[in-house]
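Below is one structure, written out as structure tokens; comments come after it.
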Amino acid sequence: MWVAKGDVKSAFLQGEELDRDLFVKPTGEIAEMLGLRSGQAAILKKSAYGLVQAPRAWHQAVNRKLKDLGWRQLESDPCAWVLTSPSTADGPDYIVAIALSHVDDFLFAGREADKIWLEARRQVMGAFRWTEWEYDTFTQCGVDISQKADF
């Protein structure tokens, strides 16, 4: 079993484009960088930190991306997804991996040598910009996690 923690860099800025026009008044420093006059409004294209709907927009973007990659969101927990193998004549599908999120902090666990999981892990790692992933022993949302050799 492979267990790891991933933290998405600047998560809210990696969301999808907003579905409506949202006008903002940038701070002086940002207005200068954008070449705007003082007090000039700008249209916000994507969610940003401080925006009330930013966490929801980020979660929706994550959910869409994981679903596009074949993950299934659990009905019992909207911040948990499973990846299953396809059913075959040899047997039913099985859980290959699970992903759990708390805003931009993710916990992943998967069958280490499973080809489906290895490809899914590559796709997930490429789907967002991450900080350095943590393995074996780490803290996830205040909980110390240590993977043992027998699991």
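In the structure tokens, the first chain shown is A, the next is B, and so on; residue numbers restart at 1 for each chain, and ligands run from 1 in the order shown.
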In region 1-76 of chain A, DSSP helix (DSSP H, G or I) residues written as number ranges by chain: A: 11-14, 28-34, 54-68
Could you save those same residues with N, CA and C atoms as a PDB file, in the first residue's frame?
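Wrote it out as out20.pdb, contents follow:
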```
ATOM      1  N   ALA A  11      -4.039  26.875  -4.194  1.00  0.00           N
ATOM      2  CA  ALA A  11      -5.168  26.087  -4.716  1.00  0.00           C
ATOM      3  C   ALA A  11      -6.271  26.932  -5.343  1.00  0.00           C
ATOM      4  N   PHE A  12      -6.712  27.972  -4.647  1.00  0.00           N
ATOM      5  CA  PHE A  12      -7.850  28.741  -5.154  1.00  0.00           C
ATOM      6  C   PHE A  12      -7.524  29.390  -6.486  1.00  0.00           C
ATOM      7  N   LEU A  13      -6.255  29.628  -6.754  1.00  0.00           N
ATOM      8  CA  LEU A  13      -5.860  30.247  -8.019  1.00  0.00           C
ATOM      9  C   LEU A  13      -5.788  29.218  -9.147  1.00  0.00           C
ATOM     10  N   GLN A  14      -5.912  27.938  -8.822  1.00  0.00           N
ATOM     11  CA  GLN A  14      -5.876  26.885  -9.837  1.00  0.00           C
ATOM     12  C   GLN A  14      -7.274  26.408 -10.215  1.00  0.00           C
ATOM     13  N   GLY A  28      -3.596  49.137  -4.913  1.00  0.00           N
ATOM     14  CA  GLY A  28      -2.696  49.994  -5.688  1.00  0.00           C
ATOM     15  C   GLY A  28      -1.549  49.235  -6.316  1.00  0.00           C
ATOM     16  N   GLU A  29      -0.939  48.358  -5.552  1.00  0.00           N
ATOM     17  CA  GLU A  29       0.203  47.570  -6.046  1.00  0.00           C
ATOM     18  C   GLU A  29      -0.201  46.678  -7.220  1.00  0.00           C
ATOM     19  N   ILE A  30      -1.338  46.005  -7.097  1.00  0.00           N
ATOM     20  CA  ILE A  30      -1.795  45.120  -8.175  1.00  0.00           C
ATOM     21  C   ILE A  30      -2.224  45.935  -9.388  1.00  0.00           C
ATOM     22  N   ALA A  31      -2.915  47.058  -9.160  1.00  0.00           N
ATOM     23  CA  ALA A  31      -3.323  47.919 -10.269  1.00  0.00           C
ATOM     24  C   ALA A  31      -2.106  48.382 -11.057  1.00  0.00           C
ATOM     25  N   GLU A  32      -1.053  48.754 -10.353  1.00  0.00           N
ATOM     26  CA  GLU A  32       0.182  49.193 -11.013  1.00  0.00           C
ATOM     27  C   GLU A  32       0.779  48.069 -11.859  1.00  0.00           C
ATOM     28  N   MET A  33       0.826  46.848 -11.299  1.00  0.00           N
ATOM     29  CA  MET A  33       1.378  45.697 -12.040  1.00  0.00           C
ATOM     30  C   MET A  33       0.553  45.391 -13.283  1.00  0.00           C
ATOM     31  N   LEU A  34      -0.760  45.635 -13.199  1.00  0.00           N
ATOM     32  CA  LEU A  34      -1.647  45.370 -14.337  1.00  0.00           C
ATOM     33  C   LEU A  34      -1.734  46.546 -15.301  1.00  0.00           C
ATOM     34  N   ALA A  54     -14.742  31.127  -3.098  1.00  0.00           N
ATOM     35  CA  ALA A  54     -13.484  30.491  -3.491  1.00  0.00           C
ATOM     36  C   ALA A  54     -13.365  29.034  -3.040  1.00  0.00           C
ATOM     37  N   PRO A  55     -13.656  28.701  -1.780  1.00  0.00           N
ATOM     38  CA  PRO A  55     -13.535  27.293  -1.378  1.00  0.00           C
ATOM     39  C   PRO A  55     -14.470  26.367  -2.171  1.00  0.00           C
ATOM     40  N   ARG A  56     -15.694  26.797  -2.391  1.00  0.00           N
ATOM     41  CA  ARG A  56     -16.647  25.975  -3.160  1.00  0.00           C
ATOM     42  C   ARG A  56     -16.192  25.818  -4.600  1.00  0.00           C
ATOM     43  N   ALA A  57     -15.717  26.907  -5.210  1.00  0.00           N
ATOM     44  CA  ALA A  57     -15.243  26.843  -6.594  1.00  0.00           C
ATOM     45  C   ALA A  57     -14.042  25.899  -6.702  1.00  0.00           C
ATOM     46  N   TRP A  58     -13.148  25.941  -5.709  1.00  0.00           N
ATOM     47  CA  TRP A  58     -11.994  25.051  -5.703  1.00  0.00           C
ATOM     48  C   TRP A  58     -12.448  23.591  -5.589  1.00  0.00           C
ATOM     49  N   HIS A  59     -13.360  23.313  -4.665  1.00  0.00           N
ATOM     50  CA  HIS A  59     -13.842  21.941  -4.499  1.00  0.00           C
ATOM     51  C   HIS A  59     -14.506  21.436  -5.775  1.00  0.00           C
ATOM     52  N   GLN A  60     -15.288  22.273  -6.424  1.00  0.00           N
ATOM     53  CA  GLN A  60     -15.937  21.867  -7.677  1.00  0.00           C
ATOM     54  C   GLN A  60     -14.899  21.565  -8.756  1.00  0.00           C
ATOM     55  N   ALA A  61     -13.845  22.363  -8.813  1.00  0.00           N
ATOM     56  CA  ALA A  61     -12.789  22.119  -9.798  1.00  0.00           C
ATOM     57  C   ALA A  61     -12.087  20.784  -9.526  1.00  0.00           C
ATOM     58  N   VAL A  62     -11.798  20.515  -8.247  1.00  0.00           N
ATOM     59  CA  VAL A  62     -11.164  19.243  -7.869  1.00  0.00           C
ATOM     60  C   VAL A  62     -12.079  18.081  -8.223  1.00  0.00           C
ATOM     61  N   ASN A  63     -13.342  18.194  -7.866  1.00  0.00           N
ATOM     62  CA  ASN A  63     -14.290  17.116  -8.129  1.00  0.00           C
ATOM     63  C   ASN A  63     -14.394  16.826  -9.628  1.00  0.00           C
ATOM     64  N   ARG A  64     -14.501  17.881 -10.431  1.00  0.00           N
ATOM     65  CA  ARG A  64     -14.587  17.683 -11.892  1.00  0.00           C
ATOM     66  C   ARG A  64     -13.337  17.006 -12.429  1.00  0.00           C
ATOM     67  N   LYS A  65     -12.169  17.470 -11.979  1.00  0.00           N
ATOM     68  CA  LYS A  65     -10.912  16.914 -12.471  1.00  0.00           C
ATOM     69  C   LYS A  65     -10.777  15.447 -12.081  1.00  0.00           C
ATOM     70  N   LEU A  66     -11.058  15.119 -10.820  1.00  0.00           N
ATOM     71  CA  LEU A  66     -10.945  13.720 -10.400  1.00  0.00           C
ATOM     72  C   LEU A  66     -11.955  12.840 -11.139  1.00  0.00           C
ATOM     73  N   LYS A  67     -13.164  13.319 -11.322  1.00  0.00           N
ATOM     74  CA  LYS A  67     -14.160  12.544 -12.074  1.00  0.00           C
ATOM     75  C   LYS A  67     -13.699  12.338 -13.514  1.00  0.00           C
ATOM     76  N   ASP A  68     -13.121  13.386 -14.111  1.00  0.00           N
ATOM     77  CA  ASP A  68     -12.591  13.257 -15.477  1.00  0.00           C
ATOM     78  C   ASP A  68     -11.496  12.198 -15.554  1.00  0.00           C
TER      79      ASP A  68
END
```
Ala149 (chain A) surroundings by only C-alpha atoms, 12 Å radius, close-in-sequence under 4 positions cut, as a ChimeraX atom specification: /A:1-3,136-137
Members of chain A assigned strand (DSSP E) by DSSP, as a PyMOL selection string: chain A and resi 2-7+17-24+42-46+72-73+80-84+95-102+105-110+134-135+137-140+143-146
Close residues, Thr84 (chain A) itself excluded, 6 Å, only C-alpha atoms, min 4 positions apart in chain, as a PyMOL selection string: chain A and resi 94-96
Restricting it to N, CA and C atoms, dump the selection as a short mmCIF file (atom, residue, chain, number, x, y, z; two decimals), in the first residue's frame.
```cif
data_model
loop_
_atom_site.label_atom_id
_atom_site.label_comp_id
_atom_site.auth_asym_id
_atom_site.auth_seq_id
_atom_site.Cartn_x
_atom_site.Cartn_y
_atom_site.Cartn_z
N TYR A 94 -12.55 -3.70 -7.96
CA TYR A 94 -12.03 -3.55 -6.60
C TYR A 94 -11.50 -2.13 -6.45
N ILE A 95 -11.37 -1.68 -5.23
CA ILE A 95 -10.84 -0.34 -4.98
C ILE A 95 -9.33 -0.36 -5.19
N VAL A 96 -8.89 0.50 -6.09
CA VAL A 96 -7.47 0.63 -6.41
C VAL A 96 -6.83 1.69 -5.53
#
```
For Pro86 (chain A), list every protein, DNA or RNA residue within 12 Å, evaluated using only C-alpha atoms, and leave out those in the same chain fewer than 3 positions away; present the list as a PDB file with N, CA and C atoms, in the first residue's frame.
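The new file out_32.pdb reads:
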```
ATOM      1  N   GLY A  70     -11.516   9.499 -13.765  1.00  0.00           N
ATOM      2  CA  GLY A  70     -12.079   8.188 -13.460  1.00  0.00           C
ATOM      3  C   GLY A  70     -12.387   7.918 -11.996  1.00  0.00           C
ATOM      4  N   TRP A  71     -12.175   8.906 -11.128  1.00  0.00           N
ATOM      5  CA  TRP A  71     -12.467   8.730  -9.707  1.00  0.00           C
ATOM      6  C   TRP A  71     -13.955   8.919  -9.478  1.00  0.00           C
ATOM      7  N   LEU A  83     -11.043   5.208  -6.607  1.00  0.00           N
ATOM      8  CA  LEU A  83     -10.735   4.783  -7.970  1.00  0.00           C
ATOM      9  C   LEU A  83     -10.858   3.267  -7.970  1.00  0.00           C
ATOM     10  N   ALA A  89     -14.433 -10.427 -16.654  1.00  0.00           N
ATOM     11  CA  ALA A  89     -15.002 -11.772 -16.576  1.00  0.00           C
ATOM     12  C   ALA A  89     -14.366 -12.556 -15.432  1.00  0.00           C
ATOM     13  N   ASP A  90     -13.137 -12.159 -15.042  1.00  0.00           N
ATOM     14  CA  ASP A  90     -12.432 -12.844 -13.959  1.00  0.00           C
ATOM     15  C   ASP A  90     -12.917 -12.442 -12.582  1.00  0.00           C
ATOM     16  N   GLY A  91     -13.643 -11.321 -12.509  1.00  0.00           N
ATOM     17  CA  GLY A  91     -14.119 -10.913 -11.203  1.00  0.00           C
ATOM     18  C   GLY A  91     -14.637  -9.492 -11.184  1.00  0.00           C
ATOM     19  N   PRO A  92     -15.217  -9.121 -10.041  1.00  0.00           N
ATOM     20  CA  PRO A  92     -15.781  -7.772  -9.909  1.00  0.00           C
ATOM     21  C   PRO A  92     -14.681  -6.725  -9.763  1.00  0.00           C
ATOM     22  N   ASP A  93     -15.087  -5.466  -9.848  1.00  0.00           N
ATOM     23  CA  ASP A  93     -14.120  -4.394  -9.662  1.00  0.00           C
ATOM     24  C   ASP A  93     -13.662  -4.354  -8.208  1.00  0.00           C
ATOM     25  N   TYR A  94     -12.554  -3.696  -7.957  1.00  0.00           N
ATOM     26  CA  TYR A  94     -12.028  -3.549  -6.602  1.00  0.00           C
ATOM     27  C   TYR A  94     -11.496  -2.132  -6.450  1.00  0.00           C
ATOM     28  N   ILE A  95     -11.366  -1.680  -5.228  1.00  0.00           N
ATOM     29  CA  ILE A  95     -10.842  -0.342  -4.982  1.00  0.00           C
ATOM     30  C   ILE A  95      -9.334  -0.362  -5.194  1.00  0.00           C
ATOM     31  N   VAL A  96      -8.891   0.500  -6.086  1.00  0.00           N
ATOM     32  CA  VAL A  96      -7.469   0.625  -6.410  1.00  0.00           C
ATOM     33  C   VAL A  96      -6.827   1.691  -5.530  1.00  0.00           C
ATOM     34  N   ILE A 116      -3.164   0.464 -12.756  1.00  0.00           N
ATOM     35  CA  ILE A 116      -4.218   1.490 -12.800  1.00  0.00           C
ATOM     36  C   ILE A 116      -3.865   2.608 -11.823  1.00  0.00           C
TER      37      ILE A 116
END
```
Close residues, Tyr135 (chain A) itself excluded, 12 Å, only C-alpha atoms, min 5 positions apart in chain, as a list in words: Met1, Trp2, Val3, Ala4, Lys5, Gly6, Leu107, Phe108, Ala109, Gln140, Asp144, Ile145, Ser146, Gln147 and Lys148 of chain A
Minimum-distance residue to Asp105 (chain A), chosen among A:Ala42, A:Leu18, A:Ala48, A:Val8 (using only C-alpha atoms):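 For Asp105 (chain A), the nearest of the given residues is A:Val8.
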Distance of CA of Lys45 (chain A) from CA of Ala120 (chain A), expressed in Å to one decimal place: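 For CA of Ala120 (chain A) relative to CA of Lys45 (chain A), the distance reads 29.3 Å.
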Given only C-alpha atoms as the counted atoms, nearest of A:Arg121, A:Ser76, A:Ala99, A:Ser47 to Gly15 (chain A): A:Ser47
